[in-house]
$ cat query23.cif   # mmCIF, C-alpha atoms
data_target
loop_
_atom_site.label_atom_id
_atom_site.label_comp_id
_atom_site.auth_asym_id
_atom_site.auth_seq_id
_atom_site.Cartn_x
_atom_site.Cartn_y
_atom_site.Cartn_z
CA MET O 214 103.02 158.06 133.24
CA GLU O 215 101.83 154.51 133.16
CA THR O 216 102.84 152.46 130.19
CA LEU O 217 100.47 151.54 127.40
CA ALA O 218 97.54 153.68 128.47
CA MET O 219 95.74 154.13 125.23
CA HIS O 220 92.29 155.53 125.84
CA ILE O 221 90.64 158.47 127.59
CA SER O 222 91.70 158.41 131.25
CA ASN O 223 89.56 159.38 134.22
CA GLY O 224 89.48 163.08 134.93
CA ILE O 225 90.00 164.25 131.34
CA ILE O 226 86.29 164.79 130.62
CA ASP O 227 83.92 165.87 133.41
CA GLY O 228 81.45 163.47 135.00
CA PRO O 229 78.13 164.73 133.62
CA VAL O 230 79.34 164.74 130.01
CA ALA O 231 80.86 161.28 130.48
CA ALA O 232 77.53 160.06 131.88
CA ILE O 233 75.60 161.49 128.93
CA PHE O 234 77.88 159.72 126.48
CA ALA O 235 77.59 156.51 128.51
CA ALA O 236 73.83 156.66 128.04
CA LEU O 237 74.19 157.46 124.35
CA ALA O 238 76.64 154.61 123.86
CA LEU O 239 74.36 152.19 125.68
CA ALA O 240 71.43 153.15 123.46
CA ALA O 241 73.53 152.81 120.31
CA LEU O 242 74.93 149.47 121.36
CA THR O 243 71.42 148.21 122.06
CA ALA O 244 70.52 149.15 118.50
CA CYS O 245 73.64 147.33 117.30
CA VAL O 246 72.58 144.20 119.19
CA LEU O 247 69.06 144.32 117.74
CA ARG O 248 70.21 144.93 114.17
CA GLY O 249 73.38 142.86 114.45
CA ARG O 250 71.42 139.76 115.44
CA ARG O 251 70.18 139.57 111.87
CA ASP O 252 73.77 139.23 110.66
CA LEU O 253 74.86 136.86 113.41
CA ASP O 254 74.47 133.29 112.31
CA ASP O 255 76.34 130.14 113.29
CA ARG O 256 79.23 131.13 111.06
CA LEU O 257 79.56 134.82 111.89
CA ALA O 258 79.34 134.47 115.70
CA PRO O 259 82.70 132.72 116.28
CA MET O 260 84.26 134.85 113.55
CA ALA O 261 83.14 137.99 115.38
CA GLY O 262 84.72 136.67 118.57
CA LEU O 263 87.95 136.17 116.65
CA VAL O 264 87.77 139.71 115.26
CA ALA O 265 87.43 141.08 118.80
CA ALA O 266 90.37 138.99 120.04
CA PHE O 267 92.48 140.05 117.06
CA ILE O 268 91.71 143.74 117.63
CA PHE O 269 92.66 143.36 121.29
CA ALA O 270 95.99 141.86 120.25
CA VAL O 271 96.81 144.46 117.62
CA GLN O 272 95.80 147.35 119.88
CA MET O 273 98.70 146.33 122.11
CA LEU O 274 101.12 146.93 119.25
CA ASN O 275 101.82 150.65 119.50
CA PHE O 276 103.81 151.64 116.46
CA PRO O 277 106.00 154.72 116.10
CA ILE O 278 104.74 157.43 113.79
CA PHE O 279 106.81 160.02 112.03
CA THR O 280 106.42 162.50 114.87
CA ALA O 281 109.15 161.78 117.40
CA GLY O 282 108.01 160.57 120.79
CA VAL O 283 104.48 159.72 119.70
CA SER O 284 103.03 156.30 118.98
CA GLY O 285 99.80 155.05 117.52
CA HIS O 286 97.80 151.88 117.63
CA LEU O 287 94.96 150.25 115.76
CA LEU O 288 91.45 151.31 116.70
CA GLY O 289 89.90 148.50 114.69
CA GLY O 290 86.58 149.95 113.57
CA ALA O 291 87.32 149.68 109.85
CA LEU O 292 88.71 146.17 110.20
CA ALA O 293 85.63 145.02 112.11
CA ALA O 294 83.24 146.72 109.67
CA MET O 295 84.98 145.00 106.75
CA LEU O 296 85.00 141.54 108.27
CA VAL O 297 81.74 141.32 110.23
CA GLY O 298 79.73 144.38 109.21
CA PRO O 299 79.01 147.66 110.97
CA TRP O 300 76.57 146.46 113.64
CA VAL O 301 78.45 143.43 114.89
CA GLY O 302 81.70 145.30 114.21
CA ALA O 303 80.82 148.09 116.63
CA LEU O 304 80.02 145.42 119.22
CA CYS O 305 83.41 143.75 118.62
CA VAL O 306 85.33 146.97 119.29
CA SER O 307 83.14 147.62 122.35
CA VAL O 308 83.96 144.20 123.79
CA VAL O 309 87.65 145.06 123.46
CA LEU O 310 87.19 148.44 125.16
CA VAL O 311 85.19 146.92 128.02
CA VAL O 312 87.80 144.22 128.62
CA GLN O 313 90.56 146.84 128.56
CA ALA O 314 88.75 149.12 131.01
CA LEU O 315 87.62 146.43 133.45
CA ILE O 316 90.64 144.11 133.44
CA PHE O 317 93.63 146.03 132.14
CA GLY O 318 93.01 149.42 133.76
CA ASP O 319 93.14 151.11 130.35
CA GLY O 320 90.60 153.85 129.70
CA GLY O 321 88.64 154.96 132.76
CA VAL O 322 85.51 152.98 133.55
CA ALA O 323 83.71 156.31 133.99
CA MET O 324 85.04 157.27 130.52
CA LEU O 325 83.91 154.05 128.84
CA GLY O 326 80.95 155.65 127.11
CA LEU O 327 83.24 158.28 125.57
CA ASN O 328 85.78 155.72 124.39
CA ILE O 329 83.05 153.48 122.96
CA THR O 330 81.45 156.46 121.21
CA ASN O 331 84.69 157.48 119.51
CA MET O 332 86.30 154.19 118.61
CA ALA O 333 83.46 151.67 118.43
CA LEU O 334 80.60 153.82 117.15
CA ILE O 335 82.05 156.80 115.24
CA GLY O 336 85.07 154.89 113.94
CA THR O 337 83.07 151.90 112.73
CA ALA O 338 80.24 153.97 111.27
CA ALA O 339 82.58 156.31 109.39
CA ALA O 340 84.52 153.35 108.07
CA TYR O 341 81.44 151.50 106.88
CA VAL O 342 80.04 154.49 105.01
CA LEU O 343 83.37 154.82 103.20
CA ILE O 344 83.56 151.07 102.56
CA ALA O 345 80.05 151.02 101.09
CA VAL O 346 80.87 153.89 98.72
CA LEU O 347 84.36 152.76 97.73
CA LEU O 348 83.47 149.12 97.09
CA ARG O 349 80.81 150.26 94.64
CA VAL O 350 83.03 152.78 92.88
CA LEU O 351 86.38 151.02 92.73
CA PRO O 352 87.18 148.11 90.42
CA ARG O 353 86.33 144.66 91.76
CA THR O 354 89.91 143.61 92.15
CA ARG O 355 92.28 142.88 94.98
CA ALA O 356 93.71 146.37 94.51
CA GLY O 357 90.23 147.83 94.78
CA LEU O 358 89.65 145.95 98.01
CA ALA O 359 93.02 147.05 99.38
CA VAL O 360 92.41 150.71 98.57
CA THR O 361 88.94 150.50 100.12
CA ALA O 362 90.31 149.05 103.35
CA PHE O 363 93.21 151.50 103.50
CA VAL O 364 91.25 154.66 102.81
CA ALA O 365 88.30 153.70 105.03
CA ALA O 366 90.60 152.82 107.91
CA THR O 367 92.77 155.94 107.59
CA LEU O 368 89.91 158.42 107.42
CA SER O 369 87.83 156.66 110.08
CA VAL O 370 90.63 157.19 112.60
CA VAL O 371 90.74 160.93 111.85
CA VAL O 372 86.95 161.18 112.19
CA ALA O 373 87.02 159.22 115.46
CA SER O 374 89.68 161.58 116.82
CA GLN O 375 87.32 164.49 116.26
CA GLY O 376 84.75 162.71 118.41
CA PHE O 377 87.12 163.30 121.29
CA VAL O 378 87.47 166.97 120.36
CA LEU O 379 83.68 167.33 120.49
CA GLU O 380 83.60 165.65 123.89
CA TYR O 381 86.41 167.87 125.12
CA TRP O 382 84.55 170.93 123.90
CA LEU O 383 81.51 169.81 125.92
CA GLY O 384 83.23 168.65 129.07
CA GLY O 385 87.01 169.04 128.99
CA THR O 386 88.49 169.55 132.44
CA THR O 387 91.13 172.04 131.33
CA ASP O 388 89.97 175.38 129.97
CA LEU O 389 91.64 175.68 126.61
CA GLY O 390 90.21 179.14 126.11
CA ASN O 391 89.57 179.54 122.43
CA ASN O 392 92.29 177.04 121.59
CA LEU O 393 89.93 174.15 120.88
CA THR O 394 90.79 174.43 117.20
CA GLY O 395 94.38 173.87 118.22
CA LEU O 396 93.41 170.60 119.90
CA ALA O 397 91.32 169.65 116.88
CA GLY O 398 94.24 170.31 114.56
CA THR O 399 96.72 168.43 116.73
CA MET O 400 94.40 165.45 117.07
CA ALA O 401 93.59 165.38 113.35
CA GLY O 402 97.23 165.67 112.31
CA VAL O 403 98.59 163.01 114.59
CA HIS O 404 95.67 160.67 113.82
CA LEU O 405 96.18 161.07 110.11
CA LEU O 406 99.63 159.59 110.64
CA ILE O 407 98.24 156.88 112.93
CA GLY O 408 95.55 156.31 110.32
CA ILE O 409 98.19 155.36 107.76
CA GLY O 410 99.31 152.60 110.12
CA GLU O 411 95.70 151.62 110.71
CA GLY O 412 95.16 151.56 106.95
CA LEU O 413 98.15 149.32 106.30
CA ILE O 414 97.18 146.86 109.07
CA THR O 415 93.54 146.82 107.96
CA ALA O 416 94.32 146.34 104.27
CA THR O 417 96.84 143.58 104.98
CA THR O 418 94.45 141.71 107.26
CA VAL O 419 91.44 142.06 104.97
CA LEU O 420 93.44 140.94 101.91
CA THR O 421 94.70 137.92 103.83
CA VAL O 422 91.23 136.87 104.92
CA ALA O 423 89.86 137.55 101.42
CA LYS O 424 92.50 135.26 99.97
CA VAL O 425 91.96 132.39 102.41
CA ARG O 426 88.23 132.67 103.06
CA PRO O 427 86.56 135.31 100.85
CA ASP O 428 83.19 134.12 102.14
CA LEU O 429 84.16 135.43 105.59
CA VAL O 430 84.55 139.05 104.46
CA TYR O 431 81.19 140.67 105.25
CA ALA O 432 81.76 143.67 103.00
CA LEU O 433 82.35 141.43 99.99
CA ARG O 434 79.29 139.33 100.78
CA SER O 435 76.86 142.17 101.29
CA LEU O 436 78.19 144.91 99.04
CA ARG O 437 79.55 143.06 96.06
CA ALA O 438 77.61 139.84 96.03
CA PRO O 439 74.76 140.70 93.62
CA ALA O 440 76.84 140.91 90.46
CA THR O 441 79.69 138.67 91.49
CA PRO O 442 78.52 135.69 93.45
CA ALA O 443 81.82 133.87 93.76
CA VAL O 444 84.04 136.82 94.71
CA PRO O 445 86.55 137.16 91.87
CA VAL O 446 88.72 139.35 94.05
CA ALA O 447 90.43 136.54 95.71
CA GLY O 448 91.35 133.64 93.54
CA GLY O 449 90.73 131.87 96.82
CA VAL O 450 89.61 128.38 97.56
CA ARG O 451 86.00 128.78 96.59
CA MET G 238 80.96 124.51 111.48
CA LYS G 239 82.99 122.65 108.97
CA ASN G 240 86.58 121.71 109.55
CA ARG G 241 87.67 124.56 107.33
CA SER G 242 86.00 127.09 109.60
CA TRP G 243 87.57 125.56 112.69
CA ALA G 244 90.97 125.71 111.02
CA PHE G 245 90.49 129.37 110.15
CA LEU G 246 89.40 130.15 113.69
CA ALA G 247 92.34 128.29 115.21
CA GLY G 248 94.79 129.92 112.82
CA GLY G 249 93.43 133.38 113.52
CA LEU G 250 93.58 132.85 117.26
CA LEU G 251 97.15 131.62 116.99
CA VAL G 252 98.16 134.79 115.13
CA ALA G 253 96.43 136.94 117.75
CA LEU G 254 98.14 135.05 120.58
CA LEU G 255 101.55 135.50 118.96
CA LEU G 256 100.98 139.21 118.39
CA ALA G 257 99.76 139.83 121.94
CA GLY G 258 102.09 137.34 123.58
CA VAL G 259 105.37 138.06 121.82
CA VAL G 260 105.29 140.98 119.38
CA SER G 261 103.67 143.21 122.02
CA ASN G 262 107.04 143.43 123.75
CA TYR G 263 108.41 145.34 120.78
CA ALA G 264 105.61 147.92 120.79
CA SER G 265 106.47 151.59 121.15
CA SER G 266 106.11 152.82 124.73
CA HIS G 267 105.68 156.46 123.78
CA PRO G 268 102.31 158.10 124.51
CA ASP G 269 99.76 157.51 121.75
CA GLY G 270 98.10 160.15 119.60
CA LEU G 271 95.48 161.00 122.22
CA ASP G 272 97.87 161.17 125.16
CA SER G 273 100.44 163.17 123.27
CA SER G 274 97.80 165.67 122.17
CA LEU G 275 96.77 166.09 125.81
CA LEU G 276 100.40 166.66 126.80
CA LYS G 277 100.63 169.74 124.61
CA GLY G 278 101.76 172.64 126.81
CA CYS G 279 103.66 170.43 129.23
CA THR G 280 107.30 169.43 129.09
CA VAL G 281 108.14 165.79 129.66
CA ASP G 282 111.35 163.95 130.54
CA ALA G 283 112.81 160.98 128.73
CA ASP G 284 110.29 158.66 130.40
CA ASP G 285 107.38 160.83 129.30
CA ASN G 286 106.72 162.03 132.84
CA ILE G 287 105.39 165.58 133.12
CA VAL G 288 108.06 167.89 134.53
CA GLY G 289 106.58 171.32 133.88
CA GLY G 290 104.11 173.52 132.07
CA SER G 291 100.35 173.09 132.02
CA CYS G 292 98.27 170.78 129.85
CA PRO G 293 95.01 168.78 129.89
CA ALA G 294 96.81 165.55 130.82
CA GLN G 295 97.51 166.92 134.31
CA GLN G 296 93.83 166.47 135.15
CA ALA G 297 94.08 162.71 134.66
CA ARG G 298 93.12 160.72 137.75
CA ASP G 299 93.78 157.15 138.75
CA HIS G 300 91.91 154.35 137.08
CA GLU G 301 89.17 152.65 139.10
CA PHE G 302 91.00 149.35 138.70
CA ALA G 303 94.55 150.65 138.74
CA ASP G 304 95.48 147.79 141.07
CA SER G 305 93.85 145.04 139.02
CA PRO G 306 96.18 142.04 138.73
CA LEU G 307 96.47 142.72 135.00
CA ALA G 308 96.57 146.53 135.16
CA ASP G 309 98.70 148.27 132.55
CA TYR G 310 99.10 145.10 130.51
CA GLY G 311 101.30 143.28 132.97
CA VAL G 312 100.76 140.40 135.36
CA ARG G 313 101.31 141.51 138.92
CA GLY G 314 103.99 139.48 140.64
CA VAL G 315 105.78 138.48 137.44
CA GLN G 316 109.17 140.20 137.55
CA ASN G 317 110.35 139.51 134.01
CA SER G 318 108.72 142.27 131.99
CA PHE G 319 108.81 140.30 128.73
CA VAL G 320 106.89 137.42 130.33
CA SER G 321 104.61 139.80 132.21
CA THR G 322 103.57 141.75 129.11
CA GLY G 323 103.30 138.63 126.97
CA LEU G 324 101.26 136.70 129.49
CA SER G 325 98.87 139.60 130.00
CA GLY G 326 98.45 139.80 126.23
CA VAL G 327 97.70 136.09 125.94
CA LEU G 328 95.17 136.28 128.77
CA GLY G 329 93.59 139.35 127.18
CA VAL G 330 93.18 137.63 123.82
CA LEU G 331 91.65 134.55 125.43
CA VAL G 332 89.28 136.55 127.65
CA THR G 333 88.25 138.80 124.75
CA PHE G 334 87.62 135.79 122.52
CA ALA G 335 85.66 133.99 125.22
CA ILE G 336 83.44 137.00 125.94
CA GLY G 337 83.09 137.93 122.27
CA ALA G 338 82.48 134.50 120.80
CA GLY G 339 80.33 133.43 123.76
CA GLY G 340 78.24 136.58 123.68
CA PHE G 341 77.78 136.57 119.92
CA TRP G 342 76.93 132.85 120.00
CA LEU G 343 74.15 133.54 122.52
CA LEU G 344 72.89 136.49 120.44
CA ARG G 345 72.99 134.68 117.13
CA ARG G 346 69.86 134.27 115.09
CA ARG G 347 68.47 130.80 115.30
CA GLY G 348 65.89 128.85 113.39
CA THR G 349 67.16 129.63 109.90
CA THR G 350 67.60 125.93 109.33
CA PRO G 351 65.24 123.14 110.23
CA THR G 352 66.13 122.20 113.79
CA GLY G 353 66.75 118.68 114.88
CA GLY G 354 70.10 117.12 114.38
CA ASP G 355 73.32 119.07 114.51
CA ALA G 356 72.45 122.71 113.96
CA THR G 357 75.99 123.72 113.15
CA THR G 358 76.52 121.28 110.32
CA SER G 359 73.11 121.89 108.78
CA ALA G 360 73.71 125.65 108.91
CA GLU G 361 76.97 125.26 107.05
CA GLY G 362 75.17 123.15 104.45
CA ALA G 363 72.62 125.91 103.95
CA THR G 364 75.25 128.58 103.38
CA PRO G 365 74.27 129.69 99.86
CA ALA G 366 70.69 130.29 100.91
CA ALA G 367 71.83 132.19 103.97
CA ASP G 368 74.11 134.31 101.85
CA ASP G 369 71.30 135.17 99.47
CA ALA G 370 69.16 136.20 102.38
CA ALA G 371 71.93 138.37 103.77
CA THR G 372 72.41 139.96 100.38
CA SER G 373 68.82 140.90 99.83
CA ARG G 374 68.62 142.31 103.35
CA ALA G 375 71.73 144.39 102.88
CA GLY G 376 70.28 145.61 99.62
CA THR G 377 67.16 146.89 101.23
CA ALA G 378 68.94 148.26 104.26
CA GLY G 379 71.62 150.05 102.30
#

$ encode --input "query23.cif" --output "structure tokens"
Amino acid sequence: METLAMHISNGIIDGPVAAIFAALALAALTACVLRGRRDLDDRLAPMAGLVAAFIFAVQMLNFPIFTAGVSGHLLGGALAAMLVGPWVGALCVSVVLVVQALIFGDGGVAMLGLNITNMALIGTAAAYVLIAVLLRVLPRTRAGLAVTAFVAATLSVVVASQGFVLEYWLGGTTDLGNNLTGLAGTMAGVHLLIGIGEGLITATTVLTVAKVRPDLVYALRSLRAPATPAVPVAGGVR
Amino acid sequence: MKNRSWAFLAGGLLVALLLAGVVSNYASSHPDGLDSSLLKGCTVDADDNIVGGSCPAQQARDHEFADSPLADYGVRGVQNSFVSTGLSGVLGVLVTFAIGAGGFWLLRRRGTTPTGGDATTSAEGATPAADDAATSRAGTAG
């Protein structure tokens, strides 16, 4: 088995289903471009490039999880949603997945639509819904921000893993019989553990950015700004 | 952009380069959550190669670009695996940043500030107004 293959490989999902998801992903990404343009100004554009580069770097860092012989790595949807918002965030993760598929031979090119759907679209969307709810409910403190990032990241990974289960149900190349629930359970369990790692990385990164440049955290700008213009969370420079 | 933004960008890139260029060599080489789930039903040896049983992972076929010079996060021709992994990580971060930042820069919304003169500095000067606009939009959208 090749080292560091991290995404859906060719042959795992059949061609027609992969093609359908490629079309779906393309349509969704077009919507992200159209809506994301409204968020993208002179300040956010380079920041979004940095978020993509950072996600690429951290995705290389497979960490061990408690299950022996299994590793996990950041997906990045929650981190991107926090820092640059859901629309541009989904585009950031997609850029990473495209670079990995076209240059690093990771994740089949024919499977790109599936990988984008799970990690860039489902992961980011699930994370942003959770972020929007949690930031409004939790106290406006650093702890509140940390819990938001951790919980949104952890759960978004589990939800994204079920995207794969759905795709496998539609077009998996091995007949699992009626054992699809087994795959769902395995994927959910292992990704809950990976999600804890994702949560820790996301919370650490978001807290760091919020401390140095709170104005660069999209979620704080757009979800907390009305009542607290200067972002009390941080005690940062501003 | 102001100096402060450039400094943040440079600092962030440096962290990413260090993670991908150095720390990546200490990453776990075990199959990730997806791969391990697809290996269920098969037995694997110490190198995670399939030696028996039947599982979804056996259907995996070669990647279209399996012989890309940077395939599998290594630089072809570089013997030292530490250097090979690190260099591929550094190149990946730079390429991803170039495509990401370049693409987003081309997509960015323009004309929020009076044009003429240096658009980047005037945009930074107009930050509070831009933030207010973003806030009200998010309010209506959410």

$ atom_distance --input "query23.cif" --atom1 "atom CA of G:Gly340" --atom2 "atom CA of O:Ala244"
15.6 Å

$ atom_distance --input "query23.cif" --atom1 "atom CA of O:Val264" --atom2 "atom CA of O:Ile407"
20.2 Å

$ closest_residue --input "query23.cif" --among "O:Tyr341, O:Phe267, O:Tyr381, O:Phe363" --to "chain G" --atoms "all atoms listed in the file"
O:Phe267

$ resolve_selection --input "query23.cif" --expression "the PyMOL selection byres ((chain O and resi 274-286) around 7)" --output "PyMOL selection string"
(chain O and resi 271-273+287-288+406-407) or (chain G and resi 261+264-265+267-270+273)

$ closest_residue --input "query23.cif" --among "G:Ala338, G:Arg241, G:Arg347, G:Val252" --to "chain O" --atoms "all atoms listed in the file"
G:Ala338

$ closest_residue --input "query23.cif" --among "G:Ser318, G:Gln296, G:Val312, G:Gly278" --to "chain O" --atoms "all atoms listed in the file"
G:Gln296

$ residues_around --input "query23.cif" --residues "G:Leu246" --least-positions-apart "4" --cutoff "12 Å" --atoms "only C-alpha atoms" --output "list in words"
Arg256, Leu257, Ala258, Pro259, Met260, Ala261, Gly262, Leu263, Val264, Ala266, Phe267, Val422, Val425, Arg426 and Leu429 of chain O; Met238, Lys239, Asn240, Arg241, Ser242, Leu250, Leu251, Val252, Ala253, Phe334 and Ala338 of chain G

$ residues_around --input "query23.cif" --residues "stretch 237-242 of chain O" --least-positions-apart "6" --cutoff "8 Å" --atoms "only C-alpha atoms" --output "JSON, numbers by chain"
{"O": [303, 304, 326, 327, 329, 330, 334]}

$ closest_atom_pairs --input "query23.cif" --of "chain G" --to "chain O" --cutoff "7 Å" --atoms "all atoms listed in the file" --output "tab-separated table"
residue	atom	partner	partner_atom	distance
G:Met238	CA	O:Arg256	CA	6.9
G:Leu246	CA	O:Leu263	CA	6.9
G:Gly249	CA	O:Leu263	CA	6.9
G:Leu250	CA	O:Leu263	CA	6.6
G:Ala253	CA	O:Phe267	CA	5.1
G:Leu256	CA	O:Ala270	CA	5.9
G:Ala257	CA	O:Ala270	CA	4.6
G:Ser261	CA	O:Leu274	CA	5.3
G:Ala264	CA	O:Asn275	CA	4.8
G:Ser265	CA	O:Asn275	CA	5.0
G:Ser266	CA	O:Leu217	CA	6.4
G:His267	CA	O:Val283	CA	5.4
G:Pro268	CA	O:Val283	CA	5.5
G:Asp269	CA	O:Ser284	CA	4.5
G:Gly270	CA	O:Gly285	CA	5.8
G:Leu271	CA	O:Met400	CA	6.9
G:Ser273	CA	O:Val283	CA	6.4
G:Ser274	CA	O:Met400	CA	6.1
G:Asp285	CA	O:Met214	CA	6.5
G:Asn286	CA	O:Met214	CA	5.4
G:Pro293	CA	O:Thr387	CA	5.3
G:Ala294	CA	O:Ile225	CA	7.0
G:Gln296	CA	O:Gly224	CA	5.5
G:Ala297	CA	O:Gly224	CA	4.6
G:Arg298	CA	O:Gly224	CA	5.2
G:Asp299	CA	O:Asn223	CA	6.6
G:His300	CA	O:Gly321	CA	5.5
G:Glu301	CA	O:Val322	CA	6.7
G:Phe302	CA	O:Gly318	CA	5.3
G:Ala303	CA	O:Gly318	CA	5.4
G:Ser305	CA	O:Ile316	CA	6.5
G:Leu307	CA	O:Phe317	CA	5.2
G:Ala308	CA	O:Phe317	CA	4.2
G:Asp309	CA	O:Phe317	CA	5.6
G:Tyr310	CA	O:Phe317	CA	5.8
G:Gly326	CA	O:Ala270	CA	6.8
G:Val330	CA	O:Ala266	CA	4.9
G:Thr333	CA	O:Ala266	CA	5.2
G:Phe334	CA	O:Ala266	CA	4.9
G:Gly337	CA	O:Gly262	CA	4.2
G:Ala338	CA	O:Gly262	CA	3.8
G:Phe341	CA	O:Ala258	CA	5.0
G:Trp342	CA	O:Ala258	CA	5.2
G:Leu344	CA	O:Arg250	CA	6.2
G:Arg345	CA	O:Leu253	CA	4.7
G:Arg346	CA	O:Asp254	CA	5.5
G:Thr357	CA	O:Asp255	CA	6.4
G:Ala360	CA	O:Asp255	CA	6.8
G:Ala371	CA	O:Ser435	CA	6.7
G:Thr372	CA	O:Ser435	CA	5.1
G:Ala375	CA	O:Ser435	CA	5.8

$ atom_distance --input "query23.cif" --atom1 "atom CA of O:Gly376" --atom2 "atom CA of O:Asn331"
5.3 Å

$ residues_around --input "query23.cif" --residues "stretch 335-340 of chain O" --least-positions-apart "5" --cutoff "8 Å" --atoms "all atoms listed in the file" --output "number ranges by chain"
O: 288-291, 293-294, 299, 302-303, 330, 365-366, 368-370, 372-373, 376

$ closest_residue --input "query23.cif" --among "G:Val320, G:Leu328, G:Leu275, G:Val260" --to "G:Gln295" --atoms "all atoms listed in the file"
G:Leu275
